[in-house]
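S.K.: Got coords_9.cif for you, mmCIF, C-alpha atoms:
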```cif
data_my_file
#
loop_
_atom_site.label_atom_id
_atom_site.label_comp_id
_atom_site.auth_asym_id
_atom_site.auth_seq_id
_atom_site.Cartn_x
_atom_site.Cartn_y
_atom_site.Cartn_z
CA MET A 28 23.61 70.12 -37.27
CA ILE A 29 24.53 69.79 -40.95
CA ASN A 30 28.08 68.56 -41.26
CA LEU A 31 29.95 70.56 -43.89
CA PRO A 32 33.50 69.57 -44.81
CA LEU A 33 36.13 71.78 -43.25
CA LEU A 34 37.90 73.62 -46.07
CA PHE A 35 41.12 75.36 -45.13
CA SER A 36 44.37 76.08 -46.85
CA GLY A 37 47.16 78.49 -46.07
CA ASN A 38 47.73 78.63 -49.81
CA ILE A 39 44.85 80.13 -51.77
CA TYR A 40 45.72 78.21 -54.89
CA LYS A 41 44.99 74.79 -53.40
CA LEU A 42 41.34 75.72 -53.23
CA ALA A 43 41.18 75.77 -57.02
CA LEU A 44 41.31 71.97 -56.84
CA LEU A 45 37.77 72.15 -55.47
CA LEU A 46 36.42 73.57 -58.72
CA VAL A 47 32.99 72.15 -59.50
CA GLN A 48 32.19 72.37 -63.19
CA LEU A 49 28.58 73.54 -63.52
CA PRO A 50 26.48 74.24 -66.61
CA ILE A 51 26.03 77.88 -67.61
CA SER A 52 22.43 78.91 -68.18
CA SER A 53 21.63 81.20 -71.09
CA ASP A 54 18.61 82.39 -69.11
CA ASN A 55 20.81 84.14 -66.56
CA PRO A 56 20.38 87.91 -67.19
CA PHE A 57 23.82 88.57 -65.68
CA MET A 58 25.63 86.27 -68.13
CA LEU A 59 28.63 87.96 -69.71
CA ASN A 60 30.02 85.04 -71.76
CA ILE A 61 33.60 86.24 -71.40
CA ASP A 62 36.16 83.62 -72.43
CA VAL A 63 39.84 83.56 -73.32
CA ASP A 64 39.11 84.99 -76.77
CA ASN A 65 37.56 88.22 -75.53
CA LEU A 66 38.94 88.63 -72.00
CA ALA A 67 40.51 92.11 -71.74
CA VAL A 68 43.54 92.23 -69.45
CA LEU A 69 45.55 95.24 -68.34
CA LEU A 70 49.07 94.39 -67.15
CA VAL A 71 50.61 97.03 -64.87
CA GLU A 72 54.28 96.24 -64.23
CA PRO A 73 57.33 98.55 -64.02
CA SER A 74 59.78 96.02 -65.48
CA SER A 75 59.65 95.58 -69.25
CA MET A 76 61.18 92.11 -68.89
CA GLN A 77 58.54 91.07 -66.33
CA ARG A 78 55.81 92.40 -68.62
CA LYS A 79 57.13 90.27 -71.48
CA LEU A 80 57.27 87.21 -69.25
CA MET A 81 53.72 87.79 -68.03
CA VAL A 82 52.39 88.36 -71.55
CA ARG A 83 54.04 85.13 -72.64
CA GLU A 84 52.33 83.20 -69.81
CA LEU A 85 48.96 84.79 -70.56
CA ASN A 86 49.35 83.90 -74.23
CA LYS A 87 49.91 80.28 -73.21
CA LEU A 88 46.45 80.38 -71.63
CA GLY A 89 45.04 81.71 -74.90
CA ILE A 90 44.66 85.29 -73.65
CA LYS A 91 45.63 87.75 -76.39
CA ASN A 92 43.73 90.97 -75.61
CA ILE A 93 46.36 92.53 -73.36
CA GLU A 94 47.31 96.16 -72.79
CA GLU A 95 50.32 97.27 -70.76
CA ALA A 96 51.25 100.09 -68.37
CA SER A 97 54.51 100.73 -66.53
CA ASN A 98 53.27 102.86 -63.62
CA ILE A 99 50.17 103.80 -61.62
CA GLU A 100 49.29 106.89 -63.65
CA GLN A 101 49.43 104.98 -66.91
CA GLY A 102 47.47 102.14 -65.33
CA ILE A 103 44.60 104.40 -64.31
CA ASP A 104 44.56 106.09 -67.73
CA GLN A 105 44.48 102.70 -69.45
CA CYS A 106 41.66 101.50 -67.22
CA LEU A 107 39.51 104.46 -68.16
CA GLU A 108 40.26 104.06 -71.88
CA PHE A 109 40.69 100.30 -72.29
CA LYS A 110 38.14 99.24 -69.61
CA PRO A 111 39.71 95.87 -68.78
CA ASP A 112 37.87 92.91 -67.33
CA LEU A 113 40.96 92.16 -65.24
CA VAL A 114 43.89 94.23 -63.97
CA CYS A 115 47.08 92.30 -63.17
CA SER A 116 49.38 94.55 -61.17
CA ALA A 117 52.77 94.46 -59.50
CA TYR A 118 53.02 96.00 -56.03
CA TYR A 119 55.66 98.75 -56.15
CA PHE A 120 56.08 101.57 -58.67
CA ASP A 121 58.02 104.83 -58.85
CA ASP A 122 54.79 106.82 -58.59
CA GLY A 123 53.02 104.74 -55.92
CA THR A 124 51.89 101.23 -55.12
CA ALA A 125 49.20 98.82 -56.24
CA ILE A 126 47.16 100.08 -53.27
CA ASP A 127 46.76 103.41 -55.10
CA LEU A 128 45.59 101.58 -58.21
CA LEU A 129 43.22 99.38 -56.23
CA GLN A 130 41.70 102.34 -54.39
CA SER A 131 41.04 104.10 -57.69
CA PHE A 132 38.57 101.31 -58.48
CA ALA A 133 36.21 102.84 -55.92
CA VAL A 134 36.58 106.34 -57.39
CA PHE A 135 36.03 105.79 -61.11
CA ASP A 136 32.77 104.18 -62.26
CA ASP A 137 34.47 102.70 -65.34
CA MET A 138 36.74 100.65 -63.08
CA LYS A 139 34.24 99.38 -60.51
CA GLU A 140 33.41 96.16 -62.38
CA SER A 141 37.02 95.25 -63.19
CA LEU A 142 38.66 92.42 -61.27
CA PHE A 143 42.08 92.86 -59.66
CA MET A 144 44.96 90.41 -59.38
CA LEU A 145 48.18 91.17 -57.50
CA VAL A 146 51.44 89.64 -58.81
CA SER A 147 54.25 90.36 -56.39
CA SER A 148 57.21 88.96 -54.49
CA GLU A 149 55.90 90.79 -51.40
CA TYR A 150 55.19 88.22 -48.70
CA ARG A 151 54.68 90.28 -45.53
CA CYS A 152 51.18 89.84 -44.13
CA ALA A 153 50.78 93.50 -43.17
CA GLN A 154 51.51 94.65 -46.73
CA LEU A 155 49.15 92.09 -48.26
CA GLU A 156 46.28 92.55 -45.81
CA ILE A 157 44.54 95.36 -47.70
CA PHE A 158 44.42 93.19 -50.82
CA ARG A 159 43.05 90.21 -48.94
CA GLN A 160 40.35 92.43 -47.43
CA SER A 161 39.46 94.13 -50.72
CA GLY A 162 38.17 91.13 -52.62
CA VAL A 163 41.01 90.74 -55.11
CA VAL A 164 40.58 87.68 -57.29
CA ALA A 165 44.06 86.29 -56.50
CA ILE A 166 47.47 87.10 -55.05
CA LEU A 167 50.18 85.48 -57.14
CA PRO A 168 53.84 85.26 -56.10
CA LYS A 169 56.82 86.20 -58.22
CA PRO A 170 57.79 83.88 -59.76
CA PHE A 171 54.57 81.88 -60.05
CA ALA A 172 54.01 78.39 -61.40
CA ALA A 173 51.85 77.83 -64.47
CA ALA A 174 49.36 75.90 -62.32
CA GLN A 175 48.99 78.87 -59.98
CA LEU A 176 48.22 81.19 -62.89
CA GLN A 177 45.71 78.72 -64.32
CA SER A 178 43.98 78.40 -60.94
CA ALA A 179 43.74 82.16 -60.62
CA PHE A 180 42.17 82.46 -64.06
CA ASP A 181 39.71 79.66 -63.25
CA ASN A 182 38.40 82.01 -60.57
CA VAL A 183 38.46 84.99 -62.94
CA PHE A 184 36.17 83.23 -65.38
CA CYS A 185 33.92 81.99 -62.57
CA LEU A 186 33.40 85.58 -61.45
CA LEU A 187 32.91 86.99 -64.93
CA ASN A 188 30.58 84.24 -66.14
CA PRO A 189 27.80 83.60 -63.60
CA GLN A 190 26.94 79.91 -63.27
CA GLU A 191 23.63 78.74 -61.86
CA LEU A 192 23.69 75.76 -59.52
CA GLU A 193 21.90 72.48 -60.18
CA LEU A 194 20.12 71.86 -56.88
CA ASP A 195 17.60 69.12 -57.75
CA GLY A 196 14.41 71.14 -57.54
CA ILE A 197 15.71 73.70 -55.06
CA TYR A 198 15.93 77.20 -56.49
CA GLU A 199 19.07 79.20 -55.78
CA GLU A 200 17.02 82.33 -55.10
CA GLU A 201 15.37 80.52 -52.18
CA LEU A 202 18.68 80.36 -50.30
CA LYS A 203 19.01 83.04 -47.65
CA ILE A 204 22.47 84.08 -46.49
CA LEU A 205 23.76 86.42 -43.80
CA LEU A 206 27.07 88.08 -44.68
CA VAL A 207 29.03 89.59 -41.76
CA ASP A 208 32.16 91.67 -42.47
CA ASP A 209 33.30 95.13 -41.42
CA SER A 210 34.83 95.79 -44.86
CA ASP A 211 32.44 97.18 -47.47
CA THR A 212 34.72 96.06 -50.30
CA ALA A 213 35.00 92.53 -48.91
CA ARG A 214 31.21 92.27 -48.57
CA ASN A 215 30.72 93.53 -52.12
CA HIS A 216 33.14 90.92 -53.46
CA ILE A 217 31.51 88.06 -51.54
CA LYS A 218 28.04 89.23 -52.60
CA ARG A 219 29.18 89.20 -56.21
CA VAL A 220 30.37 85.61 -55.85
CA PHE A 221 27.09 84.42 -54.34
CA ARG A 222 24.93 86.33 -56.80
CA ASN A 223 26.92 84.86 -59.67
CA CYS A 224 25.73 81.49 -58.33
CA GLY A 225 22.12 82.67 -58.46
CA VAL A 226 21.73 83.46 -54.75
CA GLU A 227 19.61 86.59 -54.36
CA GLN A 228 18.67 86.84 -50.66
CA ILE A 229 21.71 88.24 -48.90
CA ASP A 230 21.47 90.25 -45.67
CA GLU A 231 24.49 92.16 -44.38
CA ALA A 232 25.99 93.12 -41.04
CA SER A 233 29.20 95.00 -40.28
CA ASP A 234 30.03 93.16 -37.04
CA GLY A 235 28.93 90.26 -34.88
CA GLN A 236 26.73 92.32 -32.60
CA GLU A 237 24.71 93.63 -35.53
CA ALA A 238 24.46 90.08 -36.88
CA ILE A 239 22.95 88.69 -33.65
CA SER A 240 19.69 90.59 -34.07
CA LEU A 241 19.40 89.43 -37.67
CA VAL A 242 20.04 85.80 -36.71
CA GLU A 243 17.40 85.93 -33.98
CA HIS A 244 14.70 87.34 -36.26
CA ASN A 245 15.41 85.57 -39.56
CA ASN A 246 15.90 82.06 -40.87
CA TYR A 247 19.21 81.77 -42.72
CA ASP A 248 20.56 78.83 -44.64
CA LEU A 249 24.14 79.98 -44.16
CA VAL A 250 26.12 82.58 -42.20
CA VAL A 251 29.31 83.82 -43.85
CA THR A 252 31.44 85.80 -41.42
CA ASP A 253 34.83 87.46 -41.23
CA LEU A 254 37.01 86.65 -38.23
CA HIS A 255 38.45 90.04 -37.23
CA MET A 256 35.76 92.67 -36.68
CA PRO A 257 35.12 95.47 -34.16
CA VAL A 258 32.55 95.19 -31.34
CA MET A 259 32.15 91.41 -31.76
CA ASP A 260 34.41 89.26 -33.93
CA GLY A 261 33.52 86.16 -35.93
CA GLN A 262 34.61 83.69 -33.27
CA GLU A 263 32.45 85.42 -30.64
CA LEU A 264 29.54 85.46 -33.08
CA THR A 265 29.97 81.74 -33.70
CA ASP A 266 30.02 81.07 -29.98
CA PHE A 267 26.79 83.03 -29.50
CA ILE A 268 25.01 81.27 -32.36
CA ARG A 269 26.04 77.82 -31.16
CA ASN A 270 25.41 78.31 -27.44
CA PHE A 271 22.96 81.16 -26.86
CA SER A 272 20.85 81.79 -29.95
CA ASN A 273 17.53 80.27 -30.95
CA LYS A 274 19.13 79.08 -34.23
CA PRO A 275 22.12 77.00 -33.05
CA ASP A 276 22.22 74.76 -36.13
CA ILE A 277 22.88 77.41 -38.79
CA PRO A 278 25.89 76.39 -40.91
CA ILE A 279 28.72 78.92 -40.54
CA LEU A 280 31.46 79.64 -43.07
CA MET A 281 34.38 81.63 -41.67
CA VAL A 282 36.31 83.74 -44.17
CA THR A 283 39.58 85.20 -42.92
CA SER A 284 42.99 86.50 -43.87
CA GLU A 285 44.41 85.29 -40.53
CA GLN A 286 47.70 83.38 -40.97
CA ASN A 287 48.51 82.50 -37.35
CA SER A 288 48.13 78.72 -37.03
CA ALA A 289 47.24 78.80 -33.33
CA LYS A 290 44.45 81.31 -33.88
CA LEU A 291 43.18 79.34 -36.85
CA GLN A 292 43.10 76.16 -34.80
CA ALA A 293 41.05 77.94 -32.15
CA VAL A 294 38.65 79.12 -34.84
CA GLN A 295 38.32 75.61 -36.21
CA ASN A 296 37.37 74.40 -32.75
CA SER A 297 34.80 77.14 -32.17
CA GLY A 298 31.91 75.48 -33.97
CA ILE A 299 32.27 76.70 -37.54
CA ASN A 300 31.49 74.32 -40.39
CA SER A 301 34.00 75.58 -42.95
CA LEU A 302 36.99 77.90 -43.02
CA CYS A 303 38.54 79.51 -46.07
CA ASP A 304 41.07 82.19 -46.92
CA LYS A 305 40.67 85.67 -48.25
CA PRO A 306 40.68 86.24 -51.21
CA PHE A 307 37.29 84.53 -51.25
CA GLU A 308 37.05 82.10 -54.16
CA PRO A 309 33.99 81.12 -56.23
CA THR A 310 35.07 77.48 -56.16
CA VAL A 311 34.66 77.40 -52.38
CA VAL A 312 31.20 78.97 -52.52
CA LYS A 313 29.92 76.30 -54.86
CA GLN A 314 31.33 73.48 -52.78
CA VAL A 315 29.87 74.89 -49.55
CA ILE A 316 26.42 75.36 -51.10
CA TYR A 317 26.42 71.83 -52.45
CA SER A 318 27.55 70.42 -49.11
CA LEU A 319 24.97 72.53 -47.28
CA LEU A 320 22.20 70.97 -49.34
CA GLY A 321 23.50 67.44 -48.98
CA HIS A 322 24.75 67.00 -52.54
CA GLU A 323 27.62 64.60 -53.01
CA HIS A 324 30.55 65.89 -55.07
CA GLU A 325 33.93 64.27 -54.95
CA LEU A 326 36.86 66.61 -54.35
CA GLU A 327 39.73 66.11 -56.76
CA ALA A 328 43.07 65.30 -55.18
#
```
Once more with this new file: its structure as structure tokens, please.
M.R.:
Amino acid sequence: MINLPLLFSGNIYKLALLLVQLPISSDNPFMLNIDVDNLAVLLVEPSSMQRKLMVRELNKLGIKNIEEASNIEQGIDQCLEFKPDLVCSAYYFDDGTAIDLLQSFAVFDDMKESLFMLVSSEYRCAQLEIFRQSGVVAILPKPFAAAQLQSAFDNVFCLLNPQELELDGIYEEELKILLVDDSDTARNHIKRVFRNCGVEQIDEASDGQEAISLVEHNNYDLVVTDLHMPVMDGQELTDFIRNFSNKPDIPILMVTSEQNSAKLQAVQNSGINSLCDKPFEPTVVKQVIYSLLGHEHELEA
């Protein structure tokens, strides 16, 4: 079985240290070439002081194209008019929460391609779960450190600017991946990350039971699975693949928002090759693909 490094952190920002700098190909038809000079950011924050502080920090990163909104209604109106590449939002407002703003992304076509970043002092897992499951690009605390903001924007630019992988004669489109998650939004986010890396063959399943049939009848280079799913969860799927399937050596990447250390330890011992948090980060995808194919890349400390 291919031995992939086990990647896990209870803090999503530590994974930014795994960033692999890869050349951007001008032949990529999905290339957007969005950089700090033309990145459009909408800042939705009820506190005028917090907005000023956030604008100041974004300016330090070289980001100048920033519009502001103080509540959910204004935020939605600005999205439809301004069409931001990224929405940075607080959690609580007088007219709703960031959940309302996030859910509007699925309703309005003009907002579907925008990325979402939550900036909040909310720490309770139950309140943050919907954001972890929805493919947000980052969840930043209040207050955040400059390094945390930089790491989050590293991922923003990775998502907005597709980067093909250098695989020494192996074409990215030859990779075949099975993505297993009961959340449509989570699957869409993970698919976007892989496709930005040039991976085109991605099959989907909404739970482990559905995935079993696909595993038995297809040859996959990697299985990416959520942990908590109905019918059959990711740990049960891993157990089946390792012990009962005809493809026991498939590398498995577990993606989860689980925070319980005992459960995570059990998952680590179940036969997976790598484990990472939701939100799912482009930096992790690149490292896993390189490790899968036996490429040596040193991880920065």
S.K.: Give me the residues near region 244-254 of chain A as a list of chain:residue names, where near means some atom within 6 Å (using all atoms listed in the file) and where sequence neighbours in that chain fewer than 4 positions away do not count.
M.R.: A:Lys203, A:Ile204, A:Leu205, A:Leu206, A:Val207, A:Asp208, A:Asp260, A:Gly261, A:Pro278, A:Ile279, A:Leu280, A:Met281, A:Val282, A:Thr283
S.K.: Neighbouring residues of Gln236 (chain A) were defined as those with any atom within 8 Å, considering only C-alpha atoms; residues of the same chain fewer than 5 positions away were excluded. Please report them as a short mmCIF file (atom, residue, chain, number, x, y, z; two decimals) with C-alpha atoms, in the coordinates of the input.
M.R.:
```
data_model
loop_
_atom_site.label_atom_id
_atom_site.label_comp_id
_atom_site.auth_asym_id
_atom_site.auth_seq_id
_atom_site.Cartn_x
_atom_site.Cartn_y
_atom_site.Cartn_z
CA VAL A 258 32.55 95.19 -31.34
CA MET A 259 32.15 91.41 -31.76
CA LEU A 264 29.54 85.46 -33.08
#
```
S.K.: For the atom pair CA of Val114 (chain A) and CA of Ser141 (chain A), what is the interatomic distance in Å to one decimal place?
M.R.: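 For CA of Val114 (chain A) relative to CA of Ser141 (chain A), the distance reads 7.0 Å.
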S.K.: Give me the residues within 12 Å of Phe271 (chain A) as a list in words, counting only C-alpha atoms and dropping any in the same chain fewer than 5 places off.
M.R.: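 Counting only C-alpha atoms, the residues come to Ile239, Val242, Glu243, Glu263, Leu264, Thr265, Asp266 and Asp276 of chain A.
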S.K.: For the selection just defined, write its residues with C-alpha atoms to a file, as a PDB file, in the frame of the given file.
M.R.:
```
ATOM      1  CA  ILE A 239      22.950  88.690 -33.650  1.00  0.00           C
ATOM      2  CA  VAL A 242      20.040  85.800 -36.710  1.00  0.00           C
ATOM      3  CA  GLU A 243      17.400  85.930 -33.980  1.00  0.00           C
ATOM      4  CA  GLU A 263      32.450  85.420 -30.640  1.00  0.00           C
ATOM      5  CA  LEU A 264      29.540  85.460 -33.080  1.00  0.00           C
ATOM      6  CA  THR A 265      29.970  81.740 -33.700  1.00  0.00           C
ATOM      7  CA  ASP A 266      30.020  81.070 -29.980  1.00  0.00           C
ATOM      8  CA  ASP A 276      22.220  74.760 -36.130  1.00  0.00           C
TER       9      ASP A 276
END
```
S.K.: Any idea what the distance is between CA of Asp127 (chain A) and CA of Gln101 (chain A)?
M.R.: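 Going from CA of Asp127 (chain A) over to CA of Gln101 (chain A) covers 12.2 Å.
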S.K.: Do you have the CA of Leu167 (chain A)-CA of Ser284 (chain A) distance handy?
M.R.: 15.1 Å
S.K.: Val164 (chain A): which residues within 9 Å, counting only C-alpha atoms, same-chain residues fewer than 4 positions away excluded, as an MDAnalysis selection string?
M.R.: chainID A and resid 142:145 179:180 182:183 186 216 306:308
S.K.: Applied to this file, what does the PyMOL selection byres ((chain A and resi 110) around 8) return in terms of residues, put as a PDB file with C-alpha atoms, keeping the file's coordinate frame?
M.R.:
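This went into result_5.pdb:
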```
ATOM      1  CA  ALA A  67      40.510  92.110 -71.740  1.00  0.00           C
ATOM      2  CA  GLN A 105      44.480 102.700 -69.450  1.00  0.00           C
ATOM      3  CA  CYS A 106      41.660 101.500 -67.220  1.00  0.00           C
ATOM      4  CA  LEU A 107      39.510 104.460 -68.160  1.00  0.00           C
ATOM      5  CA  GLU A 108      40.260 104.060 -71.880  1.00  0.00           C
ATOM      6  CA  PHE A 109      40.690 100.300 -72.290  1.00  0.00           C
ATOM      7  CA  PRO A 111      39.710  95.870 -68.780  1.00  0.00           C
ATOM      8  CA  ASP A 112      37.870  92.910 -67.330  1.00  0.00           C
ATOM      9  CA  ASP A 137      34.470 102.700 -65.340  1.00  0.00           C
ATOM     10  CA  MET A 138      36.740 100.650 -63.080  1.00  0.00           C
ATOM     11  CA  SER A 141      37.020  95.250 -63.190  1.00  0.00           C
TER      12      SER A 141
END
```
S.K.: Restricting the calculation to only C-alpha atoms, which member of A:Ser147, A:Ser240, A:Gln295, A:Gln286 is positioned closest to Ser272 (chain A)?
M.R.: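 Between A:Ser147, A:Ser240, A:Gln295, A:Gln286, the residue approaching Ser272 (chain A) most closely is A:Ser240.
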S.K.: Need to verify the contact set: Arg78 (chain A), 12 Å, all atoms listed in the file, exclusion of same-chain residues closer than 3 positions in sequence. Can you return it as a PDB file with C-alpha atoms, in the coordinates of the input?
M.R.:
```pdb
ATOM      1  CA  LEU A  69      45.550  95.240 -68.340  1.00  0.00           C
ATOM      2  CA  LEU A  70      49.070  94.390 -67.150  1.00  0.00           C
ATOM      3  CA  VAL A  71      50.610  97.030 -64.870  1.00  0.00           C
ATOM      4  CA  GLU A  72      54.280  96.240 -64.230  1.00  0.00           C
ATOM      5  CA  PRO A  73      57.330  98.550 -64.020  1.00  0.00           C
ATOM      6  CA  SER A  74      59.780  96.020 -65.480  1.00  0.00           C
ATOM      7  CA  SER A  75      59.650  95.580 -69.250  1.00  0.00           C
ATOM      8  CA  MET A  81      53.720  87.790 -68.030  1.00  0.00           C
ATOM      9  CA  VAL A  82      52.390  88.360 -71.550  1.00  0.00           C
ATOM     10  CA  ARG A  83      54.040  85.130 -72.640  1.00  0.00           C
ATOM     11  CA  GLU A  84      52.330  83.200 -69.810  1.00  0.00           C
ATOM     12  CA  LEU A  85      48.960  84.790 -70.560  1.00  0.00           C
ATOM     13  CA  ILE A  93      46.360  92.530 -73.360  1.00  0.00           C
ATOM     14  CA  GLU A  94      47.310  96.160 -72.790  1.00  0.00           C
ATOM     15  CA  GLU A  95      50.320  97.270 -70.760  1.00  0.00           C
ATOM     16  CA  ALA A  96      51.250 100.090 -68.370  1.00  0.00           C
ATOM     17  CA  SER A  97      54.510 100.730 -66.530  1.00  0.00           C
ATOM     18  CA  ASN A  98      53.270 102.860 -63.620  1.00  0.00           C
ATOM     19  CA  CYS A 115      47.080  92.300 -63.170  1.00  0.00           C
ATOM     20  CA  SER A 116      49.380  94.550 -61.170  1.00  0.00           C
ATOM     21  CA  ALA A 117      52.770  94.460 -59.500  1.00  0.00           C
ATOM     22  CA  VAL A 146      51.440  89.640 -58.810  1.00  0.00           C
TER      23      VAL A 146
END
```
S.K.: Choose the residue, out of A:Lys139, A:His255, A:Arg269, A:Lys274, that has the smallest atom-to-atom separation from Leu291 (chain A); count only C-alpha atoms.
M.R.: A:His255
S.K.: Which one of A:Ser301, A:Asn273, A:Gln262, A:Gln130 sits closest to Phe158 (chain A) if you count all atoms listed in the file?
M.R.: A:Gln130
S.K.: Missing atoms in region 137-158 of chain A: can you complete it with N, CA and C atoms, as a PDB file, in the frame of the given file?
M.R.:
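Written file, rebuild-v2.pdb:
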```
ATOM      1  N   ASP A 137      34.043 103.591 -64.266  1.00  0.00           N
ATOM      2  CA  ASP A 137      34.470 102.700 -65.340  1.00  0.00           C
ATOM      3  C   ASP A 137      35.345 101.559 -64.840  1.00  0.00           C
ATOM      4  N   MET A 138      35.843 101.668 -63.608  1.00  0.00           N
ATOM      5  CA  MET A 138      36.740 100.650 -63.080  1.00  0.00           C
ATOM      6  C   MET A 138      36.086  99.750 -62.037  1.00  0.00           C
ATOM      7  N   LYS A 139      34.859 100.077 -61.639  1.00  0.00           N
ATOM      8  CA  LYS A 139      34.240  99.380 -60.510  1.00  0.00           C
ATOM      9  C   LYS A 139      33.966  97.911 -60.793  1.00  0.00           C
ATOM     10  N   GLU A 140      33.730  97.554 -62.049  1.00  0.00           N
ATOM     11  CA  GLU A 140      33.410  96.160 -62.380  1.00  0.00           C
ATOM     12  C   GLU A 140      34.644  95.353 -62.741  1.00  0.00           C
ATOM     13  N   SER A 141      35.801  95.977 -62.844  1.00  0.00           N
ATOM     14  CA  SER A 141      37.020  95.250 -63.190  1.00  0.00           C
ATOM     15  C   SER A 141      37.506  94.420 -62.007  1.00  0.00           C
ATOM     16  N   LEU A 142      38.054  93.260 -62.297  1.00  0.00           N
ATOM     17  CA  LEU A 142      38.660  92.420 -61.270  1.00  0.00           C
ATOM     18  C   LEU A 142      40.127  92.801 -61.116  1.00  0.00           C
ATOM     19  N   PHE A 143      40.707  92.458 -59.965  1.00  0.00           N
ATOM     20  CA  PHE A 143      42.080  92.860 -59.660  1.00  0.00           C
ATOM     21  C   PHE A 143      42.874  91.648 -59.195  1.00  0.00           C
ATOM     22  N   MET A 144      44.061  91.486 -59.759  1.00  0.00           N
ATOM     23  CA  MET A 144      44.960  90.410 -59.380  1.00  0.00           C
ATOM     24  C   MET A 144      46.334  90.997 -59.067  1.00  0.00           C
ATOM     25  N   LEU A 145      46.860  90.697 -57.891  1.00  0.00           N
ATOM     26  CA  LEU A 145      48.180  91.170 -57.500  1.00  0.00           C
ATOM     27  C   LEU A 145      49.221  90.098 -57.845  1.00  0.00           C
ATOM     28  N   VAL A 146      50.320  90.539 -58.490  1.00  0.00           N
ATOM     29  CA  VAL A 146      51.440  89.640 -58.810  1.00  0.00           C
ATOM     30  C   VAL A 146      52.689  90.272 -58.224  1.00  0.00           C
ATOM     31  N   SER A 147      53.190  89.692 -57.129  1.00  0.00           N
ATOM     32  CA  SER A 147      54.250  90.360 -56.390  1.00  0.00           C
ATOM     33  C   SER A 147      55.087  89.382 -55.589  1.00  0.00           C
ATOM     34  N   SER A 148      56.351  89.738 -55.372  1.00  0.00           N
ATOM     35  CA  SER A 148      57.210  88.960 -54.490  1.00  0.00           C
ATOM     36  C   SER A 148      57.053  89.381 -53.032  1.00  0.00           C
ATOM     37  N   GLU A 149      56.189  90.370 -52.777  1.00  0.00           N
ATOM     38  CA  GLU A 149      55.900  90.790 -51.400  1.00  0.00           C
ATOM     39  C   GLU A 149      55.225  89.644 -50.655  1.00  0.00           C
ATOM     40  N   TYR A 150      55.735  89.334 -49.469  1.00  0.00           N
ATOM     41  CA  TYR A 150      55.190  88.220 -48.700  1.00  0.00           C
ATOM     42  C   TYR A 150      54.705  88.633 -47.311  1.00  0.00           C
ATOM     43  N   ARG A 151      55.028  89.869 -46.883  1.00  0.00           N
ATOM     44  CA  ARG A 151      54.680  90.280 -45.530  1.00  0.00           C
ATOM     45  C   ARG A 151      53.167  90.455 -45.385  1.00  0.00           C
ATOM     46  N   CYS A 152      52.627  89.849 -44.331  1.00  0.00           N
ATOM     47  CA  CYS A 152      51.180  89.840 -44.130  1.00  0.00           C
ATOM     48  C   CYS A 152      50.593  91.241 -44.047  1.00  0.00           C
ATOM     49  N   ALA A 153      51.306  92.141 -43.357  1.00  0.00           N
ATOM     50  CA  ALA A 153      50.780  93.500 -43.170  1.00  0.00           C
ATOM     51  C   ALA A 153      50.624  94.219 -44.506  1.00  0.00           C
ATOM     52  N   GLN A 154      51.569  93.991 -45.429  1.00  0.00           N
ATOM     53  CA  GLN A 154      51.510  94.650 -46.730  1.00  0.00           C
ATOM     54  C   GLN A 154      50.421  94.036 -47.625  1.00  0.00           C
ATOM     55  N   LEU A 155      50.130  92.766 -47.419  1.00  0.00           N
ATOM     56  CA  LEU A 155      49.150  92.090 -48.260  1.00  0.00           C
ATOM     57  C   LEU A 155      47.723  92.168 -47.714  1.00  0.00           C
ATOM     58  N   GLU A 156      47.582  92.596 -46.468  1.00  0.00           N
ATOM     59  CA  GLU A 156      46.280  92.550 -45.810  1.00  0.00           C
ATOM     60  C   GLU A 156      45.213  93.351 -46.550  1.00  0.00           C
ATOM     61  N   ILE A 157      45.546  94.541 -47.029  1.00  0.00           N
ATOM     62  CA  ILE A 157      44.540  95.360 -47.700  1.00  0.00           C
ATOM     63  C   ILE A 157      44.015  94.676 -48.946  1.00  0.00           C
ATOM     64  N   PHE A 158      44.869  93.902 -49.626  1.00  0.00           N
ATOM     65  CA  PHE A 158      44.420  93.190 -50.820  1.00  0.00           C
ATOM     66  C   PHE A 158      43.531  92.012 -50.455  1.00  0.00           C
TER      67      PHE A 158
END
```
